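For reference, input_30.cif is printed below; it contains mmCIF, C-alpha atoms.
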```
data_entry
loop_
_atom_site.label_atom_id
_atom_site.label_comp_id
_atom_site.auth_asym_id
_atom_site.auth_seq_id
_atom_site.Cartn_x
_atom_site.Cartn_y
_atom_site.Cartn_z
CA MET A 553 88.79 70.75 87.88
CA THR A 554 90.48 70.74 84.48
CA GLU A 555 87.87 73.22 83.27
CA LEU A 556 88.78 75.62 86.09
CA MET A 557 92.46 75.23 85.25
CA THR A 558 91.75 76.12 81.64
CA VAL A 559 89.86 79.26 82.70
CA LEU A 560 92.63 80.35 85.10
CA ASP A 561 95.29 79.62 82.53
CA LYS A 562 93.57 81.56 79.75
CA ASN A 563 92.82 84.67 81.82
CA GLY A 564 96.08 85.39 83.57
CA LEU A 565 95.63 89.16 83.86
CA VAL A 566 92.18 88.76 85.43
CA VAL A 567 93.59 86.23 87.90
CA ALA A 568 96.21 88.84 88.81
CA PHE A 569 93.48 91.44 89.52
CA LEU A 570 91.84 88.91 91.85
CA ILE A 571 95.06 88.06 93.69
CA VAL A 572 96.20 91.66 94.16
CA GLY A 573 92.69 92.78 95.13
CA ALA A 574 92.35 90.05 97.73
CA LEU A 575 95.84 90.78 99.07
CA THR A 576 95.20 94.52 99.53
CA TRP A 577 91.81 93.81 101.10
CA LEU A 578 93.46 91.58 103.70
CA THR A 579 96.36 93.93 104.43
CA ASP A 580 94.06 96.98 104.74
CA LEU A 581 91.96 95.03 107.22
CA PHE A 582 95.06 93.95 109.12
CA SER A 583 96.45 97.52 109.17
CA LYS A 584 93.18 99.01 110.43
CA LYS A 585 92.13 96.38 112.98
CA MET A 586 95.35 94.92 114.29
CA ILE A 587 97.87 97.78 114.32
CA ARG A 588 95.54 100.82 114.20
CA SER A 589 96.97 102.02 110.85
CA ARG A 590 100.39 102.52 112.39
CA VAL A 591 101.92 101.05 109.22
CA PRO A 592 100.08 101.88 105.96
CA GLY A 593 98.23 98.93 104.39
CA SER A 594 99.94 99.53 101.05
CA ALA A 595 103.41 99.09 102.57
CA ILE A 596 102.36 95.81 104.17
CA ALA A 597 100.85 94.62 100.88
CA ILE A 598 104.04 95.39 98.94
CA PHE A 599 106.14 93.70 101.61
CA LEU A 600 103.91 90.59 101.46
CA ALA A 601 104.15 90.65 97.66
CA LEU A 602 107.94 90.54 97.98
CA VAL A 603 107.59 87.55 100.30
CA LEU A 604 105.34 85.88 97.70
CA GLY A 605 107.92 86.67 95.04
CA TYR A 606 110.51 84.95 97.21
CA LEU A 607 108.33 81.87 97.75
CA GLY A 608 107.57 81.75 94.02
CA GLY A 609 111.28 81.83 93.32
CA LEU A 610 111.85 78.94 95.73
CA TRP A 611 108.99 76.97 94.23
CA ALA A 612 109.46 77.54 90.51
CA GLY A 613 113.16 78.26 90.56
CA GLY A 614 112.87 80.99 87.92
CA GLU A 615 113.78 84.65 87.85
CA LYS A 616 110.29 86.15 87.83
CA GLY A 617 109.25 85.25 91.36
CA LEU A 618 105.67 84.12 91.71
CA ALA A 619 105.00 84.84 88.03
CA ASP A 620 107.05 81.76 87.10
CA VAL A 621 104.31 79.57 88.58
CA PRO A 622 101.94 79.01 85.60
CA PHE A 623 98.90 79.93 87.70
CA PHE A 624 100.21 83.35 88.58
CA ARG A 625 101.69 84.27 85.23
CA GLY A 626 99.29 87.23 84.93
CA LEU A 627 101.17 89.05 87.72
CA ALA A 628 104.01 89.66 85.30
CA SER A 629 101.62 91.35 82.87
CA LEU A 630 99.94 93.52 85.52
CA GLY A 631 103.29 94.42 87.06
CA GLY A 632 105.07 94.82 83.70
CA SER A 633 106.85 98.01 82.74
CA MET A 634 104.07 99.33 80.47
CA PHE A 635 101.28 99.24 83.07
CA ARG A 636 103.67 100.39 85.76
CA ASP A 637 104.86 103.50 83.95
CA PHE A 638 101.35 104.26 82.66
CA ALA A 639 99.82 104.11 86.15
CA ILE A 640 102.60 106.23 87.61
CA VAL A 641 102.15 108.94 84.98
CA ALA A 642 98.42 108.96 85.86
CA THR A 643 99.25 109.96 89.44
CA ALA A 644 100.27 113.40 88.13
CA ILE A 645 96.55 114.14 87.68
CA GLY A 646 96.34 114.86 91.41
CA ALA A 647 98.94 117.61 91.11
CA SER A 648 98.29 121.07 89.72
CA PHE A 649 100.02 124.40 89.40
CA PHE A 650 97.70 125.70 92.09
CA LEU A 651 99.23 123.20 94.52
CA ILE A 652 102.74 124.00 93.32
CA ARG A 653 102.19 127.69 94.03
CA LYS A 654 100.68 126.85 97.40
CA SER A 655 103.74 124.91 98.51
CA GLY A 656 106.03 127.66 97.19
CA TRP A 657 109.76 128.00 97.73
CA LEU A 658 109.85 126.05 100.95
CA GLY A 659 108.21 123.12 99.12
CA LEU A 660 110.68 123.28 96.25
CA VAL A 661 113.75 123.53 98.49
CA SER A 662 112.58 120.66 100.67
CA LEU A 663 111.83 118.46 97.65
CA VAL A 664 115.24 119.02 96.09
CA LEU A 665 116.99 118.53 99.44
CA GLY A 666 114.96 115.40 100.20
CA ILE A 667 115.56 113.65 96.89
CA GLY A 668 119.23 114.62 97.02
CA VAL A 669 119.74 113.30 100.56
CA PHE A 670 117.93 110.00 99.99
CA PHE A 671 119.44 109.30 96.59
CA SER A 672 123.03 110.09 97.55
CA SER A 673 122.96 108.22 100.85
CA GLY A 674 121.36 105.24 99.12
CA VAL A 675 124.09 105.25 96.47
CA VAL A 676 126.83 105.52 99.11
CA LEU A 677 125.40 102.58 101.08
CA ALA A 678 125.07 100.46 97.92
CA TRP A 679 128.70 101.30 97.09
CA VAL A 680 129.81 100.29 100.59
CA MET A 681 127.93 97.00 100.18
CA GLY A 682 129.85 96.20 97.01
CA TYR A 683 127.85 97.51 94.05
CA ARG A 684 130.07 99.22 91.51
CA ASP A 685 128.06 99.78 88.30
CA ALA A 686 126.21 103.06 87.75
CA VAL A 687 122.91 101.36 86.82
CA SER A 688 122.64 99.28 90.02
CA LEU A 689 123.88 102.15 92.22
CA CYS A 690 121.28 104.53 90.75
CA THR A 691 118.46 102.00 91.03
CA ILE A 692 119.17 101.38 94.71
CA GLY A 693 119.65 105.12 95.37
CA ALA A 694 116.31 105.74 93.66
CA GLY A 695 114.75 102.96 95.76
CA ALA A 696 115.91 104.85 98.85
CA CYS A 697 113.69 107.72 97.57
CA THR A 698 110.50 105.63 97.18
CA TYR A 699 109.52 102.14 96.10
CA ILE A 700 108.14 103.71 92.91
CA VAL A 701 111.16 105.76 91.88
CA GLY A 702 113.37 102.66 92.33
CA PRO A 703 111.72 100.35 89.76
CA VAL A 704 111.00 103.21 87.34
CA THR A 705 114.69 104.14 87.38
CA GLY A 706 115.81 100.51 87.21
CA GLY A 707 113.39 99.79 84.35
CA ALA A 708 114.51 102.83 82.37
CA LEU A 709 118.21 102.07 82.84
CA GLY A 710 117.89 98.32 82.29
CA ALA A 711 118.81 97.10 85.79
CA SER A 712 118.49 93.40 86.69
CA SER A 713 115.33 91.99 88.29
CA GLU A 714 117.33 91.28 91.44
CA VAL A 715 118.46 94.90 91.84
CA ILE A 716 114.93 96.18 91.13
CA ALA A 717 113.57 93.86 93.84
CA LEU A 718 116.21 95.23 96.19
CA SER A 719 115.22 98.83 95.38
CA ILE A 720 111.55 98.08 96.12
CA GLY A 721 112.54 96.42 99.39
CA THR A 722 114.55 99.52 100.32
CA GLY A 723 111.61 101.79 99.52
CA VAL A 724 109.23 99.71 101.61
CA VAL A 725 111.61 99.79 104.60
CA LYS A 726 111.80 103.57 104.16
CA THR A 727 108.01 103.98 104.21
CA ILE A 728 107.77 101.93 107.39
CA ALA A 729 110.70 103.79 108.99
CA VAL A 730 109.13 107.20 108.22
CA THR A 731 105.79 106.02 109.62
CA ILE A 732 107.30 104.80 112.86
CA PHE A 733 109.95 107.50 113.46
CA THR A 734 107.78 110.54 112.65
CA PRO A 735 105.65 110.56 115.83
CA ILE A 736 108.73 109.68 117.90
CA PHE A 737 110.92 112.55 116.65
CA ALA A 738 108.20 115.12 115.81
CA LYS A 739 108.64 117.27 118.93
CA LYS A 740 112.41 117.12 118.89
CA ILE A 741 112.76 118.35 115.29
CA GLY A 742 110.06 121.03 115.52
CA LEU A 743 107.41 119.37 113.38
CA SER A 744 104.33 121.14 114.70
CA SER A 745 103.06 123.77 112.24
CA PRO A 746 101.47 123.49 108.77
CA GLY A 747 104.56 125.11 107.24
CA SER A 748 106.90 122.61 108.83
CA ALA A 749 104.61 119.75 107.77
CA MET A 750 104.91 120.96 104.17
CA ALA A 751 108.70 120.93 104.41
CA PHE A 752 108.52 117.52 106.05
CA GLY A 753 106.43 116.07 103.20
CA GLY A 754 108.92 117.40 100.67
CA ILE A 755 111.96 115.99 102.44
CA MET A 756 110.53 112.56 103.30
CA GLY A 757 108.53 112.10 100.11
CA THR A 758 106.91 108.73 100.58
CA SER A 759 103.22 109.78 100.48
CA SER A 760 101.85 106.84 102.45
CA GLY A 761 104.59 107.03 105.07
CA VAL A 762 104.26 110.80 105.50
CA ALA A 763 100.46 110.59 105.74
CA ALA A 764 100.55 107.76 108.28
CA GLY A 765 103.37 109.33 110.31
CA LEU A 766 101.73 112.77 110.45
CA ALA A 767 98.38 111.20 111.32
CA ALA A 768 100.01 109.64 114.37
CA THR A 769 101.64 112.98 115.25
CA ASP A 770 98.77 115.41 114.61
CA PRO A 771 96.01 114.60 112.08
CA LYS A 772 95.63 118.32 111.25
CA LEU A 773 99.06 118.27 109.58
CA VAL A 774 98.32 115.44 107.13
CA PRO A 775 97.02 117.53 104.18
CA TYR A 776 100.01 119.92 104.42
CA GLY A 777 102.52 117.10 104.28
CA ALA A 778 100.62 115.47 101.42
CA VAL A 779 100.77 118.64 99.27
CA THR A 780 104.54 118.44 98.86
CA ALA A 781 104.90 114.65 99.09
CA THR A 782 102.72 114.37 95.95
CA PHE A 783 105.48 115.88 93.86
CA TYR A 784 108.31 113.81 95.29
CA THR A 785 107.77 110.65 93.25
CA GLY A 786 107.26 112.58 90.02
CA LEU A 787 110.38 114.67 90.52
CA GLY A 788 112.31 111.54 91.53
CA CYS A 789 111.22 109.72 88.37
CA LEU A 790 112.42 112.71 86.36
CA VAL A 791 115.85 113.31 87.89
CA CYS A 792 117.00 109.85 89.09
CA PRO A 793 117.26 108.10 85.70
CA SER A 794 118.56 111.26 84.00
CA LEU A 795 120.54 113.95 85.83
CA PHE A 796 121.51 111.78 88.82
CA PHE A 797 122.43 108.81 86.62
CA LEU A 798 124.75 110.99 84.56
CA LEU A 799 126.32 112.41 87.71
CA VAL A 800 126.96 108.92 89.13
CA GLU A 801 128.39 107.79 85.80
CA LYS A 802 130.72 110.82 85.76
CA LEU A 803 131.82 110.13 89.33
CA LEU A 804 132.62 106.50 88.53
CA ALA A 805 134.59 107.31 85.39
CA MET B 1182 86.11 108.37 80.03
CA ILE B 1183 88.03 107.20 76.97
CA GLN B 1184 88.88 110.79 76.03
CA GLY B 1185 90.64 111.16 79.36
CA LEU B 1186 92.47 107.94 78.71
CA ALA B 1187 93.49 109.30 75.31
CA VAL B 1188 94.90 112.44 76.95
CA LEU B 1189 96.84 110.25 79.38
CA SER B 1190 98.12 108.02 76.55
CA PHE B 1191 99.12 111.03 74.48
CA SER B 1192 101.13 112.51 77.36
CA PHE B 1193 102.61 109.11 78.15
CA LEU B 1194 103.81 108.41 74.60
CA LEU B 1195 105.11 111.95 74.13
CA GLY B 1196 107.03 111.75 77.43
CA MET B 1197 108.48 108.33 76.65
CA TRP B 1198 109.54 109.57 73.23
CA CYS B 1199 111.36 112.51 74.87
CA GLY B 1200 113.03 110.05 77.25
CA GLU B 1201 114.22 107.87 74.36
CA LEU B 1202 115.43 110.90 72.38
CA LEU B 1203 117.33 112.22 75.38
CA GLY B 1204 118.86 108.77 75.89
CA THR B 1205 120.05 108.60 72.29
CA TRP B 1206 121.30 112.15 72.45
CA LEU B 1207 123.31 111.41 75.59
CA GLY B 1208 124.59 108.17 74.11
CA VAL B 1209 123.12 105.90 76.81
CA ASP B 1210 120.96 102.92 75.97
CA ALA B 1211 118.14 103.93 78.32
CA ASN B 1212 114.90 105.87 78.56
CA VAL B 1213 116.14 108.95 80.37
CA GLY B 1214 113.40 110.48 82.54
CA GLY B 1215 110.53 109.51 80.23
CA VAL B 1216 108.06 108.97 83.08
CA GLY B 1217 108.90 112.38 84.55
CA PHE B 1218 108.47 114.14 81.20
CA ALA B 1219 105.15 112.36 80.67
CA MET B 1220 103.91 113.60 84.05
CA ILE B 1221 104.81 117.16 83.14
CA PHE B 1222 103.00 116.82 79.79
CA LEU B 1223 99.90 115.45 81.52
CA LEU B 1224 99.93 118.32 84.00
CA LEU B 1225 100.34 120.89 81.21
CA THR B 1226 97.68 119.31 78.98
CA LYS B 1227 95.19 119.23 81.84
CA GLU B 1228 95.79 122.88 82.73
CA TYR B 1229 95.48 123.88 79.05
CA PHE B 1230 92.24 121.91 78.57
CA GLN B 1231 90.79 123.40 81.73
CA LYS B 1232 91.63 126.92 80.59
CA LYS B 1233 90.00 126.26 77.20
CA GLY B 1234 86.96 124.73 78.88
CA TRP B 1235 87.49 121.39 77.14
CA TRP B 1236 87.97 119.45 80.33
CA ALA B 1237 84.98 117.28 81.27
CA PRO B 1238 84.77 115.56 84.68
CA GLU B 1239 84.33 112.28 82.79
CA MET B 1240 87.86 112.64 81.41
CA GLY B 1241 89.29 112.88 84.90
CA PHE B 1242 87.58 109.60 85.74
CA GLY B 1243 89.48 107.70 83.03
CA ILE B 1244 92.79 108.98 84.43
CA GLU B 1245 91.74 108.62 88.07
CA PHE B 1246 91.20 104.90 87.50
CA TRP B 1247 94.84 104.46 86.51
CA ASN B 1248 95.96 106.74 89.30
CA LYS B 1249 94.25 104.40 91.79
CA LEU B 1250 95.70 101.35 90.07
CA TYR B 1251 99.31 102.26 90.68
CA ILE B 1252 99.74 100.65 94.10
CA PRO B 1253 98.16 97.37 92.84
CA VAL B 1254 100.51 97.44 89.87
CA VAL B 1255 103.49 97.87 92.21
CA ILE B 1256 102.21 94.95 94.30
CA ALA B 1257 101.98 92.73 91.20
CA MET B 1258 105.45 93.84 90.15
CA ALA B 1259 106.94 93.11 93.58
CA ALA B 1260 105.52 89.57 93.45
CA SER B 1261 107.03 88.93 90.02
CA LEU B 1262 110.63 89.95 90.73
CA ASN B 1263 113.69 87.86 91.47
CA VAL B 1264 113.38 88.38 95.24
CA LYS B 1265 115.25 85.16 96.03
CA ALA B 1266 118.44 86.50 94.46
CA ALA B 1267 117.95 89.92 96.08
CA LEU B 1268 117.62 88.45 99.55
CA SER B 1269 121.38 87.91 99.78
CA SER B 1270 121.66 91.71 99.90
CA GLY B 1271 118.71 92.11 102.28
CA THR B 1272 120.89 93.95 104.82
CA LEU B 1273 121.43 96.66 102.22
CA ALA B 1274 117.64 97.11 101.82
CA ILE B 1275 117.28 97.57 105.57
CA LEU B 1276 120.28 99.91 105.88
CA ALA B 1277 119.39 101.97 102.80
CA GLY B 1278 115.79 102.13 104.02
CA ILE B 1279 116.57 103.40 107.53
CA VAL B 1280 119.87 105.35 107.53
CA PRO B 1281 118.75 107.97 104.95
CA VAL B 1282 115.53 108.52 106.93
CA LEU B 1283 117.52 109.38 110.07
CA LEU B 1284 119.75 111.66 108.01
CA ALA B 1285 116.66 113.35 106.54
CA PHE B 1286 115.26 114.08 110.02
CA TRP B 1287 118.47 115.93 110.76
CA VAL B 1288 118.33 117.84 107.44
CA PHE B 1289 114.71 118.73 108.20
CA ARG B 1290 115.72 120.27 111.51
CA LEU B 1291 118.37 122.39 109.81
CA LEU B 1292 115.96 123.44 107.05
CA ILE B 1293 113.21 124.74 109.31
CA ARG B 1294 115.74 126.57 111.41
CA PHE B 1295 116.80 128.59 108.35
CA PHE B 1296 113.38 128.92 106.74
CA PRO B 1297 111.08 131.25 108.70
CA ALA B 1298 108.10 130.27 106.50
CA ALA B 1299 108.24 126.83 108.08
CA HIS B 1300 106.95 128.21 111.38
CA ASP B 1301 103.61 129.49 110.01
#
```
Whole structure, structure tokens version:
Amino acid sequence: MTELMTVLDKNGLVVAFLIVGALTWLTDLFSKKMIRSRVPGSAIAIFLALVLGYLGGLWAGGEKGLADVPFFRGLASLGGSMFRDFAIVATAIGASFFLIRKSGWLGLVSLVLGIGVFFSSGVVLAWVMGYRDAVSLCTIGAGACTYIVGPVTGGALGASSEVIALSIGTGVVKTIAVTIFTPIFAKKIGLSSPGSAMAFGGIMGTSSGVAAGLAATDPKLVPYGAVTATFYTGLGCLVCPSLFFLLVEKLLA
Amino acid sequence: MIQGLAVLSFSFLLGMWCGELLGTWLGVDANVGGVGFAMIFLLLTKEYFQKKGWWAPEMGFGIEFWNKLYIPVVIAMAASLNVKAALSSGTLAILAGIVPVLLAFWVFRLLIRFFPAAHD
């Protein structure tokens, strides 16, 4: 047994690959078999990870969630800022100028509107709930955009681990809300054509939520929504910690 | 494969550098938009390489691997955050996750009413 402990202790990052891999395998299975993909597997996995972070905090009493338990230390390396930012930059490989031209003006307008609406309403709600510093307000506003934009913004601006966790939680709730509300409201808001799906992807942003929600509405619309949603996270990561942060700082001053 | 990874690393470092420079220039102690800049550099480099005929499918593979790894990285990050402390503001996460979505449905309705292209 001590030999196994030594191996696990020495290879933290590899242990993290195993844990995250096993977790996503289970949640994908759960999403497909139990709830017929009504909530994307990735959103469930991130939610469960937050629960694990909570349990780790209870158990170890530290500030790094599950990563404070010696066994699971590798999670902090895999989920550290360097890997996180590197992996997010890599997602741009799926985008191209061909796609940008294809989504055109409607795509651009919907993206700008979407990020603006989510960020500003997130900031307002955080303000109402008692947050007053520009860094925390921006991180939570960015989390209202997606669970990626939140931690990227928080990491860049130096927000606390607690606020970053909150921004991820917000983003996960958003993904689930988009997934569930899309098929319910689709008819009422006129979401029925490829063009409207493109605008929808740009406004809602969260790729997994938009894909799952459109799939439940009309599977033919999924690729159109995905075209614009692809750019949402990238644009969010660009404007939230820069332009929007400066605007919030100006407003507070 | 590793060439693709080098292209990704080059764009990443260049973007982060821009973010740091912009932060210093604005007088804030933060990396301002570095990830966003890096994504733009990656996009531009890829288009340029493709135009020049330097882009090999193998290179895409090295980047694709990291593209696929981003959800797992977010999962690992979520598990290693101070969730216990954040839970006291859990209501905010639920409110800020749902209210903007409802607002966005309304904005969407307005947008497609004024944008004829949306009906194609």
Neighbours of range 566-576 of chain A within 6 Å (only C-alpha atoms; same-chain residues fewer than 4 positions away dropped), as a PDB file with C-alpha atoms, in the coordinates of the input?
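Result file follows (part17.pdb):
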```pdb
ATOM      1  CA  ASP A 580      94.060  96.980 104.740  1.00  0.00           C
ATOM      2  CA  ALA A 597     100.850  94.620 100.880  1.00  0.00           C
ATOM      3  CA  GLY A 626      99.290  87.230  84.930  1.00  0.00           C
ATOM      4  CA  LEU A 627     101.170  89.050  87.720  1.00  0.00           C
TER       5      LEU A 627
END
```
Restrict the calculation to all atoms listed in the file, then for each residue of chain B with any atom at most 7 Å from an atom of chain A give the closest atom pair and their distance in Å to one decimal, rows by chain and rising residue number, as a tab-separated table.
```
residue	atom	partner	partner_atom	distance
B:Leu1189	CA	A:Ala642	CA	6.8
B:Phe1193	CA	A:Phe638	CA	6.7
B:Ala1211	CA	A:Leu709	CA	4.9
B:Asn1212	CA	A:Ala708	CA	4.9
B:Val1213	CA	A:Ser794	CA	4.9
B:Gly1214	CA	A:Leu790	CA	4.5
B:Val1216	CA	A:Cys789	CA	6.2
B:Gly1217	CA	A:Leu790	CA	4.0
B:Phe1218	CA	A:Leu790	CA	6.7
B:Ala1219	CA	A:Val641	CA	6.3
B:Met1220	CA	A:Val641	CA	5.1
B:Leu1223	CA	A:Ala644	CA	6.9
B:Leu1224	CA	A:Ala644	CA	6.4
B:Ile1244	CA	A:Ala642	CA	5.8
B:Trp1247	CA	A:Ala639	CA	5.0
B:Asn1248	CA	A:Thr643	CA	4.6
B:Leu1250	CA	A:Ala639	CA	6.3
B:Tyr1251	CA	A:Ala639	CA	4.9
B:Pro1253	CA	A:Val572	CA	6.2
B:Val1254	CA	A:Gly631	CA	5.0
B:Val1255	CA	A:Gly631	CA	6.2
B:Ile1256	CA	A:Ile598	CA	5.0
B:Ala1257	CA	A:Gly631	CA	4.7
B:Met1258	CA	A:Gly631	CA	3.8
B:Ala1259	CA	A:Leu602	CA	5.2
B:Ala1260	CA	A:Gly605	CA	4.1
B:Ser1261	CA	A:Gly617	CA	4.5
B:Leu1262	CA	A:Lys616	CA	4.8
B:Asn1263	CA	A:Glu615	CA	4.8
B:Val1264	CA	A:Tyr606	CA	4.9
B:Lys1265	CA	A:Tyr606	CA	4.9
B:Ala1266	CA	A:Glu714	CA	5.8
B:Ala1267	CA	A:Glu714	CA	4.9
B:Leu1273	CA	A:Ala678	CA	6.8
B:Ala1274	CA	A:Thr722	CA	4.2
B:Ile1275	CA	A:Val725	CA	6.2
B:Ala1277	CA	A:Gly674	CA	5.3
B:Gly1278	CA	A:Lys726	CA	4.2
B:Ile1279	CA	A:Lys726	CA	5.8
B:Pro1281	CA	A:Phe670	CA	5.4
B:Val1282	CA	A:Val730	CA	6.7
B:Ala1285	CA	A:Val669	CA	6.7
B:Phe1289	CA	A:Phe752	CA	6.7
B:Arg1290	CA	A:Ile741	CA	5.2
B:Ile1293	CA	A:Ser748	CA	6.7
B:Ala1298	CA	A:Gly747	CA	6.3
B:Ala1299	CA	A:Gly747	CA	4.1
B:His1300	CA	A:Gly747	CA	5.7
B:Asp1301	CA	A:Gly747	CA	5.3
```
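The nearest approach to Gly753 in chain A among the residues A:Cys690, A:Ala781, A:Val559, A:Leu804, with all atoms listed in the file taken into account, belongs to A:Ala781.
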Checklist entry - For the atom pair CA of Phe796 in chain A and CA of Asp685 in chain A, what is the interatomic distance in Å to one decimal place? => result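 Spanning CA of Phe796 in chain A to CA of Asp685 in chain A is a straight-line distance of 13.7 Å.
The space between CA of Lys1233 in chain B and CA of Ser1190 in chain B spans 20.0 Å.
Pairwise distance (CA of Val762 in chain A, CA of Ser589 in chain A) equals 12.6 Å.
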Next on the checklist: Taking the file as I've supplied it (selection: the PyMOL selection byres ((chain B and resi 1188) around 10)), which residues are included? Please answer as number ranges by chain.
Outcome noted: B: 1183-1187, 1189-1193, 1222-1223, 1226-1227, 1230, 1240-1241, 1243-1244
Item to check | Option closest in space to Leu663 in chain A, from B:Val1288, B:Leu1225, B:Arg1294, B:Leu1207 [counting only C-alpha atoms] | outcome: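 Result for the nearest residue to Leu663 in chain A: B:Val1288.
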